[in-house]
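Q: This is the structure, below, for whatever I ask next.
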Amino acid sequence: MRLLIVEDEADLLQSLALATRDEGYAVDTAADGEEGLYKALHSDYDCIVLDVMLPRLNGMELLRRLRAERRTPVLLLTARDATRDRVRGLDGGADDYLVKPFDLEELLARLRAVIRRHKGQTTSRITVGEYELNLSARTLSKAGQAVALTAREYSLLEYLALRRGSVVSRTELYEHLFDENDETLSNLLDVHVSKLRRKLGADLIETRRGMGYSLAG
Ligand code: CA
């Protein structure tokens with residue numbers, strides 16, 4: 001999953017980027033509203049974490065212009081006493097909000113929930129063949145036994161699982177699994193796919209030649 005974090009407080013931006021990368025997200029950042037809007041309109045993010053008080057273009061205006069073109073989920077960060085912002089934000093198409101200062105665990109949980117809802121997934125568990133994916137704990141198990149995956153392997157499997165039943169193109173996978181700082185070597189995706197196949201069996205991820213990948217079962 002790929003996030004955009006728009007926040008002008010450098011320390012907070014840095015710590016949010018670190019924490020979400022640790023969770024396996026690909027993360028782009030923007031330090032003002034104009035840069036944020038540009039990125040939001042030019043990449044396909046799974047969620048945008050958007051501070052309301054921003055230089056150059058405030059979060060509300062960014063949200064308004066984004067909604068004219070895209071349905072990307074938005075999680076607003078608002079000030080404690082700014083009830084009006086929260087109401088305006090939700091009415092303006094934000095998917096959820098958090099009041100500053102917030103607990104990191106809560107931010108991560110809300111992110112997962114917003115992304116899940118947007119992809120039409122109501123529960124946090126997905127069965128794939130003989131495997132079970134736990135979207136809250138970000139773990140995979142088989143018959144109750146944990147299967148060790150790297151953060152990237154997990155992210156790839158999770159993305160395919162949330163889009164199960166359809167073929168996901170390589171372009172889409174690149175866009176959602178790697179961020180603006182990742183080297184976009186074309187063989188990188190294949191490496192992760194073949195590692196997953198070695199761990200989970202060759203048949204779980206099907207290659208649709210010329211189209212992309214899909215999950216079996
Ligand atoms: Ca701010």
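Residue numbering restarts at 1 for every chain of the structure tokens, chains are lettered A, B, ... in their displayed order, and ligands are numbered from 1 as they appear.
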Can you check which parts of stretch 109-197 of chain A lie within 9 Å of stretch 91-101 of chain A? Per residue, the shortest pair of atoms and distance in Å to one decimal, counting only C-alpha atoms, sorted by chain and number, as a tab-separated table.
A:
residue	atom	partner	partner_atom	distance
A:Arg110	CA	A:Asp96	CA	7.8
A:Leu111	CA	A:Asp96	CA	8.9
A:Val114	CA	A:Asp95	CA	6.8
Q: Would you mind exporting the chosen residues as an mmCIF file, in the first residue's frame, restricted to N, CA and C atoms?
A:
data_model
loop_
_atom_site.group_PDB
_atom_site.id
_atom_site.type_symbol
_atom_site.label_atom_id
_atom_site.label_comp_id
_atom_site.auth_asym_id
_atom_site.auth_seq_id
_atom_site.Cartn_x
_atom_site.Cartn_y
_atom_site.Cartn_z
ATOM 1 N N ARG A 110 -6.428 3.372 12.152
ATOM 2 C CA ARG A 110 -7.372 4.100 11.299
ATOM 3 C C ARG A 110 -6.993 4.016 9.826
ATOM 4 N N LEU A 111 -5.685 4.063 9.566
ATOM 5 C CA LEU A 111 -5.214 3.903 8.192
ATOM 6 C C LEU A 111 -5.666 2.567 7.625
ATOM 7 N N VAL A 114 -9.457 2.619 7.019
ATOM 8 C CA VAL A 114 -9.852 3.457 5.878
ATOM 9 C C VAL A 114 -9.530 2.743 4.567
#
Q: Under the rule of at most 6 Å, produce a per-residue listing of chain A near ligand 1: chain, number, name, the closest pair of atoms, and the distance in Å, as JSON lines, using only C-alpha atoms and all ligand atoms.
A:
{"residue": "A:Glu7", "atom": "CA", "partner": "ligand 1", "partner_atom_place_in_ligand_line": "1 (Ca)", "distance": 5.8}
{"residue": "A:Asp8", "atom": "CA", "partner": "ligand 1", "partner_atom_place_in_ligand_line": "1 (Ca)", "distance": 5.1}
{"residue": "A:Glu9", "atom": "CA", "partner": "ligand 1", "partner_atom_place_in_ligand_line": "1 (Ca)", "distance": 5.9}
{"residue": "A:Asp51", "atom": "CA", "partner": "ligand 1", "partner_atom_place_in_ligand_line": "1 (Ca)", "distance": 5.7}
{"residue": "A:Met53", "atom": "CA", "partner": "ligand 1", "partner_atom_place_in_ligand_line": "1 (Ca)", "distance": 4.1}
{"residue": "A:Leu54", "atom": "CA", "partner": "ligand 1", "partner_atom_place_in_ligand_line": "1 (Ca)", "distance": 4.8}
Q: Using only C-alpha atoms, which of A:Ala216, A:Ala161, A:Leu104, A:Leu18 sits nearest A:Arg125?
A: A:Ala161
Q: Just asking: which residues within stretch 9-209 of chain A are alpha helix (DSSP H) according to DSSP, as an MDAnalysis selection string?
A: chainID A and resid 10:22 33:42 59:67 83:91 104:118 151:162 170:177 187:200
Q: I need the residues in stretch 55-142 of chain A that are strand (DSSP E or B) according to DSSP; give them as a ChimeraX atom specification.
A: /A:74-78,96-99,125-128,131-134,139-142
Q: Could you pull the residues within 9 Å of stretch 26-40 of chain A, counting only C-alpha atoms, minus those fewer than 2 positions along the same chain, as an MDAnalysis selection string?
A: chainID A and resid 1:10 13:14 17:18 20:21 24 42:45 48 50:51 53:59 61:63 65:66 70 72 176:182
Q: What is the atom CA of A:Ala143 to atom CA of A:Gln121 distance in Å?
A: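 Atom CA of A:Ala143 sits 22.3 Å away from atom CA of A:Gln121.
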Q: Counting only C-alpha atoms, which residue out of A:Leu12, A:Leu215, A:Ala82, A:Leu162 sits closest to A:Thr122?
A: A:Leu162
Q: For A:Ile205, find every residue with an atom within 10 Å (counting only C-alpha atoms), except residues of its own chain fewer than 4 positions away, and show them as an MDAnalysis selection string.
A: chainID A and resid 157 160 193:194 196:197 200:201 213:217
Q: Output the selection as a CSV table (one decimal), in the first residue's frame - C-alpha atoms for each residue.
A:
chain,number,residue,atom,x,y,z
A,157,LEU,CA,0.3,-10.5,-1.0
A,160,LEU,CA,-3.3,-9.0,-4.5
A,193,VAL,CA,6.9,-12.6,-6.6
A,194,SER,CA,9.3,-15.5,-6.9
A,196,LEU,CA,6.6,-15.5,-2.3
A,197,ARG,CA,6.1,-18.5,-4.7
A,200,LEU,CA,3.8,-20.3,-0.4
A,201,GLY,CA,3.9,-22.6,-3.4
A,213,TYR,CA,-0.8,-11.2,-11.7
A,214,SER,CA,-3.8,-12.6,-9.9
A,215,LEU,CA,-4.3,-14.8,-6.8
A,216,ALA,CA,-5.5,-18.3,-7.3
A,217,GLY,CA,-8.5,-19.6,-5.3
Q: What does the structure give for the distance between atom CA of A:Asp46 and atom CA of A:His118, in Å to one decimal?
A: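 Value for the atom CA of A:Asp46-atom CA of A:His118 distance: 8.5 Å.
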Q: Set the distance at 12 Å and use only C-alpha atoms: which residues neighbour A:Gln145 once local chain neighbours fewer than 2 positions away are removed? I'd like the list as a PyMOL selection string.
A: chain A and resi 130-133+139-143+147-148
Q: Counting only C-alpha atoms, which residue out of A:Arg84, A:Arg163, A:Lys195, A:Arg71 sits closest to A:Gly120?
A: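 The answer is A:Arg163, which sits nearest to A:Gly120.
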Q: Interatomic distance between atom CA of A:Thr83 and atom CA of A:Arg112?
A: 23.9 Å
Q: When distances are computed from only C-alpha atoms, which of A:Gly144, A:Lys199, A:His192, A:Ser166 shows the smallest separation from A:Met211?
A: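 The answer is A:Ser166, which sits nearest to A:Met211.
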